[in-house]
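Below is data.txt, which holds compact mmCIF, C-alpha atoms.
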```txt
# COMPACT_ATOMS: atom_id res chain seq x y z
CA MET U 269 -20.64 158.22 63.61
CA LYS U 270 -19.86 161.86 63.77
CA PRO U 271 -18.81 164.11 66.61
CA PRO U 272 -21.32 166.50 68.15
CA ARG U 273 -21.23 170.10 66.93
CA PHE U 274 -18.40 172.28 68.16
CA GLY U 275 -16.66 175.51 67.27
CA TYR U 276 -13.21 174.84 65.80
CA HIS U 277 -10.15 176.96 66.52
CA ASP U 278 -6.63 176.32 65.31
CA PRO U 279 -4.21 178.77 66.92
CA GLU U 280 -0.60 178.93 65.78
CA THR U 281 1.03 180.13 68.99
CA VAL U 282 0.83 179.27 72.69
CA PRO U 283 -0.42 182.75 73.74
CA GLU U 284 -3.23 182.48 71.16
CA ALA U 285 -4.18 179.05 72.51
CA ILE U 286 -4.19 180.35 76.10
CA SER U 287 -6.34 183.33 75.23
CA LEU U 288 -8.85 181.07 73.43
CA LEU U 289 -8.88 178.73 76.43
CA GLU U 290 -9.56 181.67 78.72
CA ARG U 291 -12.22 183.21 76.53
CA LEU U 292 -14.25 180.20 75.40
CA ASP U 293 -16.67 178.30 77.61
CA ASN U 294 -16.54 174.52 77.73
CA ALA U 295 -13.51 174.30 75.43
CA ARG U 296 -11.23 171.27 75.07
CA LEU U 297 -7.71 171.16 73.77
CA LEU U 298 -7.12 168.74 70.90
CA ALA U 299 -3.58 167.32 70.82
CA GLY U 300 -2.92 164.13 68.82
CA GLY U 301 -6.58 163.17 69.10
CA GLN U 302 -6.01 159.48 69.70
CA SER U 303 -8.14 159.54 72.87
CA LEU U 304 -10.29 162.65 72.43
CA MET U 305 -11.39 161.88 68.85
CA PRO U 306 -12.81 158.44 69.78
CA MET U 307 -14.58 160.12 72.71
CA LEU U 308 -16.04 162.71 70.33
CA ASN U 309 -17.04 160.07 67.77
CA MET U 310 -18.81 158.10 70.48
CA ARG U 311 -20.18 161.33 71.95
CA LEU U 312 -18.70 160.66 75.34
CA ALA U 313 -17.27 164.17 75.15
CA ALA U 314 -19.29 167.18 74.01
CA PRO U 315 -17.21 170.33 74.20
CA ASP U 316 -18.67 173.54 72.76
CA HIS U 317 -15.26 174.43 71.38
CA LEU U 318 -12.25 172.50 70.21
CA ILE U 319 -8.87 174.24 70.34
CA ASP U 320 -6.63 172.29 67.99
CA LEU U 321 -2.95 172.52 68.96
CA ASN U 322 -1.66 170.74 65.88
CA ARG U 323 -0.60 173.96 64.17
CA VAL U 324 1.32 175.29 67.19
CA ALA U 325 4.77 174.50 65.80
CA GLU U 326 6.63 175.86 68.85
CA LEU U 327 5.34 172.95 70.97
CA SER U 328 7.01 170.24 68.92
CA TYR U 329 10.68 169.57 69.77
CA ILE U 330 13.13 167.37 71.63
CA LYS U 331 16.05 169.26 73.19
CA GLU U 332 18.93 168.46 75.47
CA ALA U 333 19.93 170.91 78.17
CA GLY U 334 22.90 169.47 80.02
CA ASP U 335 21.78 166.09 81.31
CA VAL U 336 18.11 167.01 81.03
CA LEU U 337 15.89 166.08 78.09
CA VAL U 338 13.13 168.57 77.32
CA ILE U 339 10.21 167.43 75.20
CA GLY U 340 7.60 169.79 73.79
CA ALA U 341 3.97 168.90 74.49
CA MET U 342 3.02 168.38 70.84
CA THR U 343 5.99 166.12 70.03
CA ARG U 344 4.59 162.98 68.43
CA GLN U 345 5.16 159.68 70.19
CA ARG U 346 6.64 158.53 66.91
CA ASP U 347 9.33 161.21 67.04
CA VAL U 348 10.25 160.02 70.52
CA GLU U 349 10.45 156.45 69.21
CA PHE U 350 12.93 157.37 66.49
CA ASP U 351 15.04 159.92 68.43
CA ALA U 352 18.62 158.69 68.81
CA ARG U 353 19.27 160.81 71.95
CA ILE U 354 16.27 159.34 73.74
CA ARG U 355 17.23 155.86 72.67
CA SER U 356 20.75 156.15 74.07
CA ARG U 357 20.24 158.45 77.07
CA CYS U 358 16.71 157.71 78.12
CA PRO U 359 16.29 154.07 77.10
CA LEU U 360 13.38 153.50 79.51
CA MET U 361 11.29 155.95 77.50
CA HIS U 362 12.31 154.34 74.22
CA GLU U 363 11.31 150.91 75.47
CA ALA U 364 8.01 152.26 76.83
CA VAL U 365 7.00 154.25 73.77
CA LEU U 366 7.27 151.16 71.57
CA GLN U 367 4.44 149.73 73.65
CA VAL U 368 2.17 152.78 73.23
CA GLY U 369 -0.75 151.87 70.95
CA HIS U 370 0.18 151.08 67.36
CA ARG U 371 2.27 152.77 64.68
CA GLN U 372 -0.76 154.63 63.30
CA THR U 373 -1.67 156.05 66.71
CA ARG U 374 1.96 156.91 67.58
CA ASN U 375 2.16 158.85 64.31
CA ARG U 376 -0.45 161.23 65.75
CA GLY U 377 -0.40 160.76 69.53
CA THR U 378 1.66 163.30 71.46
CA VAL U 379 3.70 163.28 74.66
CA GLY U 380 1.73 166.13 76.24
CA GLY U 381 -1.60 164.66 75.21
CA SER U 382 -0.77 161.35 76.85
CA LEU U 383 0.45 163.02 80.06
CA CYS U 384 -2.72 165.14 80.34
CA GLN U 385 -5.06 162.27 79.46
CA LEU U 386 -3.44 160.47 82.44
CA ASP U 387 -4.77 157.03 81.69
CA PRO U 388 -3.85 154.85 84.71
CA SER U 389 -2.05 152.38 82.41
CA ALA U 390 -0.43 154.85 80.02
CA GLU U 391 3.22 154.08 79.36
CA LEU U 392 4.53 157.65 79.14
CA VAL U 393 2.73 158.57 82.35
CA ALA U 394 4.53 155.72 84.13
CA VAL U 395 7.87 156.84 82.66
CA ALA U 396 7.27 160.40 83.87
CA ALA U 397 6.56 159.07 87.36
CA ALA U 398 9.57 156.75 87.28
CA MET U 399 11.96 159.52 86.27
CA ASP U 400 10.57 162.29 88.51
CA ALA U 401 9.75 164.35 85.43
CA VAL U 402 8.85 168.02 85.77
CA VAL U 403 6.09 169.44 83.58
CA THR U 404 5.86 173.07 82.59
CA VAL U 405 2.40 174.52 82.20
CA GLN U 406 1.50 177.93 80.89
CA GLY U 407 -1.61 179.99 81.53
CA PRO U 408 -2.92 183.53 81.67
CA LYS U 409 -0.71 184.23 84.70
CA GLY U 410 2.46 182.86 83.15
CA ALA U 411 4.37 179.60 83.36
CA ARG U 412 4.93 177.31 86.32
CA ASP U 413 6.57 173.95 86.94
CA ILE U 414 4.84 170.96 88.50
CA THR U 415 6.76 167.91 89.69
CA PHE U 416 5.18 164.83 88.25
CA SER U 417 4.21 163.33 91.60
CA GLU U 418 1.94 166.37 92.06
CA PHE U 419 0.57 166.32 88.51
CA PRO U 420 -2.27 163.79 88.76
CA ALA U 421 -5.09 165.49 90.70
CA GLY U 422 -7.44 162.52 90.37
CA LEU U 423 -8.45 159.79 87.97
CA MET U 424 -7.50 161.03 84.47
CA THR U 425 -7.39 164.61 85.78
CA PRO U 426 -4.21 166.69 85.64
CA ALA U 427 -3.51 169.46 88.16
CA LEU U 428 -4.03 172.20 85.58
CA ARG U 429 -5.76 175.43 86.54
CA GLU U 430 -8.32 177.12 84.34
CA GLY U 431 -6.75 178.48 81.19
CA GLU U 432 -3.54 176.46 81.57
CA LEU U 433 -2.00 174.06 79.12
CA LEU U 434 1.00 171.78 79.35
CA THR U 435 3.83 173.10 77.19
CA SER U 436 6.78 170.80 77.92
CA VAL U 437 8.15 168.07 80.15
CA ARG U 438 11.68 167.63 81.47
CA PHE U 439 13.40 164.34 82.22
CA ALA U 440 16.68 164.29 84.15
CA GLN U 441 18.83 161.54 82.67
CA TRP U 442 20.15 158.74 84.82
CA ARG U 443 23.87 158.03 85.00
CA LYS U 444 25.41 156.51 81.89
CA GLY U 445 25.45 152.72 82.24
CA HIS U 446 22.30 152.53 84.34
CA GLY U 447 19.91 149.64 83.86
CA HIS U 448 16.33 150.06 82.72
CA ALA U 449 13.27 147.97 81.92
CA PHE U 450 9.70 148.74 80.98
CA ILE U 451 7.43 145.72 80.79
CA GLU U 452 3.70 145.40 80.73
CA PHE U 453 1.01 142.80 80.57
CA ALA U 454 -1.87 143.41 78.16
CA ARG U 455 -4.27 140.98 76.56
CA ARG U 456 -3.17 142.06 73.08
CA HIS U 457 -0.08 143.90 71.84
CA GLY U 458 -0.92 147.63 71.72
CA ASP U 459 -3.75 147.47 74.25
CA PHE U 460 -3.61 149.44 77.45
CA ALA U 461 -1.76 147.34 80.00
CA ILE U 462 -3.52 145.71 82.93
CA VAL U 463 -0.34 146.31 84.92
CA SER U 464 3.00 147.78 83.83
CA ALA U 465 6.33 148.00 85.64
CA ALA U 466 9.18 150.46 85.10
CA ALA U 467 12.53 149.86 86.78
CA LEU U 468 15.72 151.93 86.83
CA LEU U 469 18.91 150.85 88.62
CA GLU U 470 22.35 152.32 89.13
CA GLU U 471 25.00 150.03 90.59
CA ASP U 472 28.50 150.53 91.88
CA GLY U 473 30.95 147.99 93.29
CA GLY U 474 28.38 145.20 93.24
CA LYS U 475 25.76 147.20 95.12
CA ILE U 476 22.65 149.04 94.02
CA THR U 477 23.25 152.75 94.56
CA ARG U 478 20.01 154.16 93.15
CA ALA U 479 16.66 152.55 92.36
CA SER U 480 13.31 153.59 90.93
CA LEU U 481 10.38 151.20 90.72
CA THR U 482 6.99 152.25 89.34
CA LEU U 483 3.80 150.29 88.79
CA GLY U 484 1.17 151.47 86.32
CA GLY U 485 -2.40 150.28 86.07
CA ILE U 486 -2.85 149.38 89.73
CA ALA U 487 -4.19 152.77 90.90
CA PRO U 488 -5.60 155.95 89.31
CA ALA U 489 -2.04 157.22 88.84
CA PRO U 490 1.28 155.33 88.62
CA VAL U 491 2.65 154.26 91.99
CA ARG U 492 6.28 154.75 92.96
CA VAL U 493 7.01 151.86 95.30
CA THR U 494 9.18 153.72 97.80
CA ALA U 495 9.38 150.77 100.20
CA ALA U 496 10.84 148.71 97.37
CA GLU U 497 13.28 151.45 96.40
CA LYS U 498 14.46 151.64 100.00
CA ALA U 499 14.95 147.87 100.15
CA LEU U 500 16.93 147.92 96.92
CA THR U 501 19.23 150.85 97.63
CA GLY U 502 22.48 149.67 99.18
CA ALA U 503 21.62 145.99 98.68
CA THR U 504 23.50 143.45 96.63
CA PRO U 505 21.46 142.46 93.58
CA SER U 506 20.32 138.83 93.61
CA ALA U 507 17.39 136.72 92.53
CA ALA U 508 16.27 136.54 96.17
CA LEU U 509 16.34 140.32 96.57
CA PHE U 510 14.23 140.89 93.47
CA ARG U 511 11.78 138.20 94.59
CA ASP U 512 11.45 139.84 98.01
CA VAL U 513 10.84 143.21 96.39
CA GLY U 514 8.16 141.61 94.21
CA GLU U 515 6.47 140.47 97.42
CA ILE U 516 6.49 144.06 98.72
CA CYS U 517 4.61 145.01 95.53
CA ARG U 518 2.06 142.24 96.10
CA LYS U 519 0.95 143.99 99.29
CA LEU U 520 0.03 147.29 97.63
CA ASP U 521 -3.54 148.55 97.47
CA VAL U 522 -4.82 147.92 93.95
CA MET U 523 -7.90 148.73 91.89
CA GLU U 524 -10.46 146.15 90.94
CA ASP U 525 -12.80 146.21 87.96
CA VAL U 526 -15.12 143.90 86.03
CA HIS U 527 -12.26 142.57 83.93
CA VAL U 528 -9.50 142.17 86.49
CA THR U 529 -9.73 141.19 90.15
CA ALA U 530 -7.54 142.80 92.80
CA ALA U 531 -5.81 139.45 93.44
CA TYR U 532 -4.84 139.18 89.77
CA ARG U 533 -3.48 142.74 89.74
CA ARG U 534 -1.43 141.98 92.85
CA GLN U 535 -0.03 138.86 91.23
CA LEU U 536 0.94 140.86 88.14
CA ALA U 537 2.45 143.59 90.33
CA ALA U 538 4.66 141.04 92.09
CA VAL U 539 5.75 139.19 88.95
CA LEU U 540 6.24 142.19 86.66
CA SER U 541 8.20 144.18 89.22
CA ARG U 542 10.53 141.22 89.79
CA ARG U 543 11.01 140.71 86.05
CA ALA U 544 11.59 144.42 85.42
CA LEU U 545 14.25 144.56 88.14
CA GLU U 546 15.98 141.43 86.84
CA LYS U 547 16.06 142.85 83.34
CA ALA U 548 17.28 146.26 84.52
CA HIS U 549 20.04 144.56 86.53
CA GLU U 550 21.14 142.46 83.53
CA ARG U 551 21.40 145.63 81.50
CA VAL U 552 23.58 147.31 84.14
CA ALA U 553 25.88 144.33 83.91
CA ALA U 554 25.89 144.56 80.13
CA ASN U 555 26.81 148.25 80.11
CA MET X 135 -23.40 176.65 64.93
CA SER X 136 -22.85 174.28 62.07
CA GLU X 137 -19.49 175.75 61.27
CA SER X 138 -17.68 174.90 58.07
CA ARG X 139 -14.38 175.77 56.46
CA ARG X 140 -12.79 175.77 53.05
CA ILE X 141 -9.84 173.37 52.79
CA ASN X 142 -7.20 172.64 50.19
CA VAL X 143 -5.68 169.17 50.21
CA THR X 144 -3.65 167.05 47.83
CA VAL X 145 -5.22 163.64 47.47
CA ASN X 146 -3.31 160.96 45.56
CA GLY X 147 -1.31 163.69 43.86
CA ALA X 148 -4.26 165.83 42.76
CA PRO X 149 -5.20 169.14 44.41
CA ARG X 150 -8.73 169.18 45.83
CA GLU X 151 -10.65 172.05 47.33
CA ALA X 152 -13.83 171.69 49.35
CA GLU X 153 -16.07 173.32 51.91
CA VAL X 154 -16.34 170.96 54.90
CA PRO X 155 -18.20 171.02 58.20
CA VAL X 156 -15.54 171.28 60.92
CA ARG X 157 -16.81 168.14 62.64
CA LEU X 158 -16.47 165.97 59.51
CA THR X 159 -13.85 163.24 59.91
CA LEU X 160 -11.21 162.82 57.23
CA ALA X 161 -12.54 159.30 56.56
CA ASP X 162 -16.03 160.60 55.82
CA PHE X 163 -14.64 163.45 53.73
CA LEU X 164 -12.68 161.00 51.56
CA ARG X 165 -15.61 158.61 51.16
CA HIS X 166 -18.56 160.97 50.85
CA GLY X 167 -16.95 164.23 49.78
CA LEU X 168 -14.46 162.85 47.25
CA GLU X 169 -16.18 159.50 46.61
CA LEU X 170 -12.95 157.65 47.34
CA THR X 171 -14.68 154.67 48.93
CA GLY X 172 -11.54 152.53 48.97
CA THR X 173 -10.85 153.83 52.48
CA HIS X 174 -13.02 151.64 54.68
CA VAL X 175 -14.69 152.67 57.88
CA GLY X 176 -14.95 149.92 60.47
CA CYS X 177 -15.02 150.81 64.15
CA GLU X 178 -14.83 154.63 63.83
CA HIS X 179 -12.94 154.93 67.09
CA GLY X 180 -9.41 154.03 66.17
CA VAL X 181 -9.28 150.32 66.93
CA CYS X 182 -9.65 148.40 63.66
CA GLY X 183 -7.22 150.19 61.33
CA ALA X 184 -9.43 149.79 58.22
CA CYS X 185 -9.48 153.56 57.60
CA THR X 186 -5.68 153.98 57.62
CA VAL X 187 -4.39 156.46 55.04
CA LEU X 188 -1.02 158.18 54.57
CA LEU X 189 -0.89 161.80 55.75
CA ASP X 190 2.31 163.37 54.41
CA GLY X 191 3.60 159.80 54.13
CA ARG X 192 2.72 158.68 57.65
CA ALA X 193 0.10 156.03 58.35
CA VAL X 194 -2.77 157.52 60.36
CA ARG X 195 -6.31 156.57 61.24
CA SER X 196 -8.55 158.80 59.14
CA CYS X 197 -11.51 158.29 61.51
CA LEU X 198 -9.50 160.08 64.25
CA LEU X 199 -8.67 163.14 62.18
CA LEU X 200 -10.93 165.97 61.16
CA ALA X 201 -10.97 166.90 57.49
CA VAL X 202 -10.05 170.49 58.48
CA GLN X 203 -6.88 169.18 60.10
CA ALA X 204 -5.75 167.91 56.69
CA ASN X 205 -5.83 171.42 55.23
CA GLY X 206 -2.59 172.00 53.33
CA ARG X 207 -1.45 168.40 53.66
CA ALA X 208 -1.00 165.49 51.24
CA ILE X 209 -3.07 162.33 51.59
CA THR X 210 -2.56 158.98 49.92
CA THR X 211 -5.43 156.50 49.95
CA VAL X 212 -5.49 152.95 48.62
CA GLU X 213 -6.68 154.37 45.29
CA GLY X 214 -3.35 156.17 45.01
CA LEU X 215 -1.09 153.12 45.34
CA ALA X 216 -1.29 151.79 41.78
CA THR X 217 0.58 153.75 39.12
CA ASN X 218 -0.74 153.99 35.54
CA GLY X 219 -2.94 150.97 36.03
CA ALA X 220 -0.10 148.81 37.37
CA LEU X 221 -0.67 147.45 40.87
CA HIS X 222 1.73 148.41 43.66
CA PRO X 223 4.12 145.53 44.50
CA LEU X 224 2.28 145.09 47.80
CA GLN X 225 -1.06 144.81 46.01
CA GLU X 226 0.36 142.20 43.63
CA ALA X 227 1.82 140.26 46.52
CA PHE X 228 -1.50 140.33 48.39
CA ARG X 229 -3.17 138.83 45.32
CA GLU X 230 -0.52 136.14 44.90
CA HIS X 231 -0.21 135.16 48.55
CA HIS X 232 -3.86 135.09 49.50
CA GLY X 233 -3.48 138.25 51.56
CA LEU X 234 -7.15 139.10 51.31
CA GLN X 235 -10.49 137.40 51.40
CA CYS X 236 -13.38 139.79 51.96
CA GLY X 237 -11.12 142.79 51.39
CA PHE X 238 -12.49 144.96 54.16
CA CYS X 239 -9.21 145.39 56.05
CA THR X 240 -7.07 145.44 52.88
CA PRO X 241 -6.86 149.22 52.27
CA GLY X 242 -5.66 149.77 55.84
CA MET X 243 -3.23 146.87 55.66
CA LEU X 244 -1.75 148.17 52.41
CA THR X 245 -1.31 151.78 53.49
CA THR X 246 0.19 150.68 56.82
CA LEU X 247 2.62 148.34 55.08
CA VAL X 248 3.63 150.95 52.48
CA GLU X 249 4.90 153.14 55.32
CA PHE X 250 6.45 150.20 57.18
CA LEU X 251 8.41 148.80 54.23
CA ARG X 252 9.76 152.25 53.46
CA GLU X 253 11.29 152.33 56.95
CA ASN X 254 12.21 148.70 57.13
CA PRO X 255 12.83 147.25 53.66
CA ASP X 256 14.03 143.88 54.98
CA PRO X 257 11.77 142.94 57.89
CA THR X 258 11.34 139.64 59.70
CA ALA X 259 7.93 137.99 59.90
CA ASP X 260 7.70 139.05 63.55
CA GLU X 261 8.36 142.68 62.66
CA VAL X 262 5.62 142.54 60.03
CA ARG X 263 3.21 141.16 62.64
CA VAL X 264 4.00 144.03 65.02
CA ALA X 265 3.62 146.53 62.16
CA ILE X 266 0.09 145.32 61.38
CA SER X 267 -0.92 144.79 65.00
CA GLY X 268 -3.15 147.86 64.75
CA ASN X 269 -5.09 146.42 61.79
CA LEU X 270 -7.75 143.80 62.37
CA CYS X 271 -8.47 141.10 59.79
CA ARG X 272 -11.23 138.61 60.52
CA CYS X 273 -10.71 136.36 57.47
CA THR X 274 -7.14 135.39 56.72
CA GLY X 275 -5.65 134.66 60.10
CA TYR X 276 -2.88 137.06 58.98
CA HIS X 277 -0.62 134.33 57.52
CA GLY X 278 -1.30 135.36 53.94
CA ILE X 279 -0.85 139.02 54.78
CA VAL X 280 2.52 138.41 56.43
CA ASP X 281 3.66 136.25 53.52
CA ALA X 282 2.55 138.94 51.08
CA ALA X 283 4.40 141.68 52.98
CA LEU X 284 7.61 139.64 53.02
CA ALA X 285 7.29 138.83 49.31
CA ALA X 286 6.66 142.47 48.44
CA ALA X 287 9.65 143.54 50.52
CA LYS X 288 11.83 141.06 48.66
CA ARG X 289 10.57 142.25 45.30
CA GLN X 290 11.12 145.89 46.20
CA ARG X 291 14.69 145.15 47.32
CA ALA X 292 15.52 143.42 44.05
```
Would you write the structure of this file as structure tokens?
Amino acid sequence: MKPPRFGYHDPETVPEAISLLERLDNARLLAGGQSLMPMLNMRLAAPDHLIDLNRVAELSYIKEAGDVLVIGAMTRQRDVEFDARIRSRCPLMHEAVLQVGHRQTRNRGTVGGSLCQLDPSAELVAVAAAMDAVVTVQGPKGARDITFSEFPAGLMTPALREGELLTSVRFAQWRKGHGHAFIEFARRHGDFAIVSAAALLEEDGGKITRASLTLGGIAPAPVRVTAAEKALTGATPSAALFRDVGEICRKLDVMEDVHVTAAYRRQLAAVLSRRALEKAHERVAAN
Amino acid sequence: MSESRRINVTVNGAPREAEVPVRLTLADFLRHGLELTGTHVGCEHGVCGACTVLLDGRAVRSCLLLAVQANGRAITTVEGLATNGALHPLQEAFREHHGLQCGFCTPGMLTTLVEFLRENPDPTADEVRVAISGNLCRCTGYHGIVDAALAAAKRQRA
């Protein structure tokens, strides 16, 4: 197999990349290439131009600004996996990234690439939804911020305007001692999940004071289960509570495809959300 | 519009220069351009792991990289693992522990495990299984490969 013909451009700065994106017709940005390259090899994508971001060094970093983690778009998933700050302060992301593809794909795959690809089951997309991440995009008219709930414009389509590219993403850390869990169900380790669940809990005096529950894989973009979060906040954690919240998740609208029926997705949504909450709660207790 | 570029790469320690079409994958460049056919091409869309090589020491799928992207970088293929005719400890362990049958997946298994054992010199069997979860083998059932990886790790620690 070989990709269709394209013009190849490898800018070294963000402004150069933006000007190429503005100037060239039918151009695609190439980040880590772990989704786009297979699409090119199979000729499911046929851009006239490829703008390779791999030599844009300024897009690869992990920084802390107060209690906010800022990750550059071209940071490899592997660098997230091995970053001590992310592991200790953003453990949900650490747990999730270990479930992204395989070591060879994490060595190339990037945070920004995954967020823009917006696969419905992608782990980092679910984490961004769970943590109310804010992405920064830059284009010919300058930079702007987009809250993650506004970022998916449709199935696998980010809310980027013409000539814009994602440059970084910010994650506000949860309070020290919070509980987290990212679990997913896939047929094989490393596959895209059928359904994934991300849970974050803060507790105080035996009560849940803050909760985030996200389901991936059930809809075109990850779903924050606000009804569940409302039921959890202020409640006393118990097996019964987490089971009831699982039942809330069973009632969500879900996708159906040739491999997985809606009923099966609902069952997974109920079970995985319960398990994620139980695990997150145990980790609060352990902290 | 059949664009090409001149690239300089270091392959198994030796500098190589070539003119490559920009759409050529690194896997095809290694096999057809440099005649290093030890790197195997299976699925060509990043699923099977047979084409894994080390790019600046990191295991990557060479079917998902363009040869032009390797410009200025160092690549190690399975041909580069042995030194002065002596097999790499992993290669020896594969031979001793029945880690290969048809040999198709072997180059990808070896390059993946070279990186893994460098990071984790004393892994458990489960950790080895996760490390090679992106490499498909249709012959051995993986038992021999896991045994070989553990034996090589032990030998390298000694």
List every residue of chain X that has an atom at most 9 Å from any atom of chain U, and for each one report the closest atom pair and its distance in Å to one decimal, counting all atoms listed in the file, with rows sorted by chain and then by increasing residue number, as JSON lines.
```
{"residue": "X:Met135", "atom": "CA", "partner": "U:Arg273", "partner_atom": "CA", "distance": 7.2}
{"residue": "X:Ser136", "atom": "CA", "partner": "U:Arg273", "partner_atom": "CA", "distance": 6.6}
{"residue": "X:Glu137", "atom": "CA", "partner": "U:Gly275", "partner_atom": "CA", "distance": 6.6}
{"residue": "X:Ser138", "atom": "CA", "partner": "U:Tyr276", "partner_atom": "CA", "distance": 8.9}
{"residue": "X:Val156", "atom": "CA", "partner": "U:Tyr276", "partner_atom": "CA", "distance": 6.5}
{"residue": "X:Arg157", "atom": "CA", "partner": "U:Pro271", "partner_atom": "CA", "distance": 6.0}
{"residue": "X:Leu158", "atom": "CA", "partner": "U:Lys270", "partner_atom": "CA", "distance": 6.8}
{"residue": "X:Thr159", "atom": "CA", "partner": "U:Lys270", "partner_atom": "CA", "distance": 7.3}
{"residue": "X:Asp162", "atom": "CA", "partner": "U:Lys270", "partner_atom": "CA", "distance": 8.9}
{"residue": "X:Glu178", "atom": "CA", "partner": "U:Met269", "partner_atom": "CA", "distance": 6.8}
{"residue": "X:His179", "atom": "CA", "partner": "U:Pro306", "partner_atom": "CA", "distance": 4.4}
{"residue": "X:Gly180", "atom": "CA", "partner": "U:Pro306", "partner_atom": "CA", "distance": 6.6}
{"residue": "X:Gly183", "atom": "CA", "partner": "U:Gln372", "partner_atom": "CA", "distance": 8.1}
{"residue": "X:Thr186", "atom": "CA", "partner": "U:Gln372", "partner_atom": "CA", "distance": 7.5}
{"residue": "X:Arg192", "atom": "CA", "partner": "U:Asn375", "partner_atom": "CA", "distance": 6.7}
{"residue": "X:Ala193", "atom": "CA", "partner": "U:Gln372", "partner_atom": "CA", "distance": 5.2}
{"residue": "X:Val194", "atom": "CA", "partner": "U:Gln372", "partner_atom": "CA", "distance": 4.6}
{"residue": "X:Arg195", "atom": "CA", "partner": "U:Gln372", "partner_atom": "CA", "distance": 6.2}
{"residue": "X:Cys197", "atom": "CA", "partner": "U:Met305", "partner_atom": "CA", "distance": 8.2}
{"residue": "X:Leu198", "atom": "CA", "partner": "U:Met305", "partner_atom": "CA", "distance": 5.3}
{"residue": "X:Leu199", "atom": "CA", "partner": "U:Gly301", "partner_atom": "CA", "distance": 7.2}
{"residue": "X:Leu200", "atom": "CA", "partner": "U:Met305", "partner_atom": "CA", "distance": 8.7}
{"residue": "X:Gln203", "atom": "CA", "partner": "U:Asn322", "partner_atom": "CA", "distance": 7.9}
{"residue": "X:Thr246", "atom": "CA", "partner": "U:Gln372", "partner_atom": "CA", "distance": 7.6}
{"residue": "X:Phe250", "atom": "CA", "partner": "U:Arg371", "partner_atom": "CA", "distance": 9.0}
{"residue": "X:Val264", "atom": "CA", "partner": "U:His457", "partner_atom": "CA", "distance": 7.9}
{"residue": "X:Ala265", "atom": "CA", "partner": "U:Arg371", "partner_atom": "CA", "distance": 6.9}
{"residue": "X:Ile266", "atom": "CA", "partner": "U:His370", "partner_atom": "CA", "distance": 8.3}
{"residue": "X:Ser267", "atom": "CA", "partner": "U:His370", "partner_atom": "CA", "distance": 6.8}
{"residue": "X:Gly268", "atom": "CA", "partner": "U:His370", "partner_atom": "CA", "distance": 5.3}
{"residue": "X:Asn269", "atom": "CA", "partner": "U:His370", "partner_atom": "CA", "distance": 9.0}
```
Query raised in the report: Neighbours of Gln535 of chain U within 12 Å (all atoms listed in the file; same-chain residues fewer than 2 positions away dropped), as a list in words?
Result: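 The contact residues come out as Phe453, Ile462, Val463, Ser464, Ile486, Gly514, Glu515, Ile516, Cys517, Arg518, Lys519, Leu520, Val522, Val528, Thr529, Ala530, Ala531, Tyr532, Arg533, Ala537, Ala538, Val539, Leu540, Ser541 and Arg542 of chain U.
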Requested in this report: To one decimal in Å, tell me the separation between atom CA of Arg207 of chain X and atom CA of Glu169 of chain X.
Outcome: 18.6 Å
Tell me, as a PDB file with C-alpha atoms, keeping the file's coordinate frame, which residues lie within 10 Å of Asp472 of chain U, counting all atoms listed in the file; anything in the same chain fewer than 5 positions away does not count.
```pdb
ATOM      1  CA  HIS U 446      22.300 152.530  84.340  1.00  0.00           C
ATOM      2  CA  THR U 477      23.250 152.750  94.560  1.00  0.00           C
ATOM      3  CA  ARG U 478      20.010 154.160  93.150  1.00  0.00           C
ATOM      4  CA  GLY U 502      22.480 149.670  99.180  1.00  0.00           C
ATOM      5  CA  THR U 504      23.500 143.450  96.630  1.00  0.00           C
ATOM      6  CA  VAL U 552      23.580 147.310  84.140  1.00  0.00           C
TER       7      VAL U 552
END
```
**Report entry** Close residues, Ala148 of chain X itself excluded, 10 Å, all atoms listed in the file, min 2 positions apart in chain, as a list in words
**Finding:** Val143, Thr144, Val145, Asn146, Arg150, Ala208, Ile209 and Gly214 of chain X
Pull C-alpha atoms from the residues just selected and write them as a PDB file, keeping the file's coordinate frame.
```pdb
ATOM      1  CA  VAL X 143      -5.680 169.170  50.210  1.00  0.00           C
ATOM      2  CA  THR X 144      -3.650 167.050  47.830  1.00  0.00           C
ATOM      3  CA  VAL X 145      -5.220 163.640  47.470  1.00  0.00           C
ATOM      4  CA  ASN X 146      -3.310 160.960  45.560  1.00  0.00           C
ATOM      5  CA  ARG X 150      -8.730 169.180  45.830  1.00  0.00           C
ATOM      6  CA  ALA X 208      -1.000 165.490  51.240  1.00  0.00           C
ATOM      7  CA  ILE X 209      -3.070 162.330  51.590  1.00  0.00           C
ATOM      8  CA  GLY X 214      -3.350 156.170  45.010  1.00  0.00           C
TER       9      GLY X 214
END
```
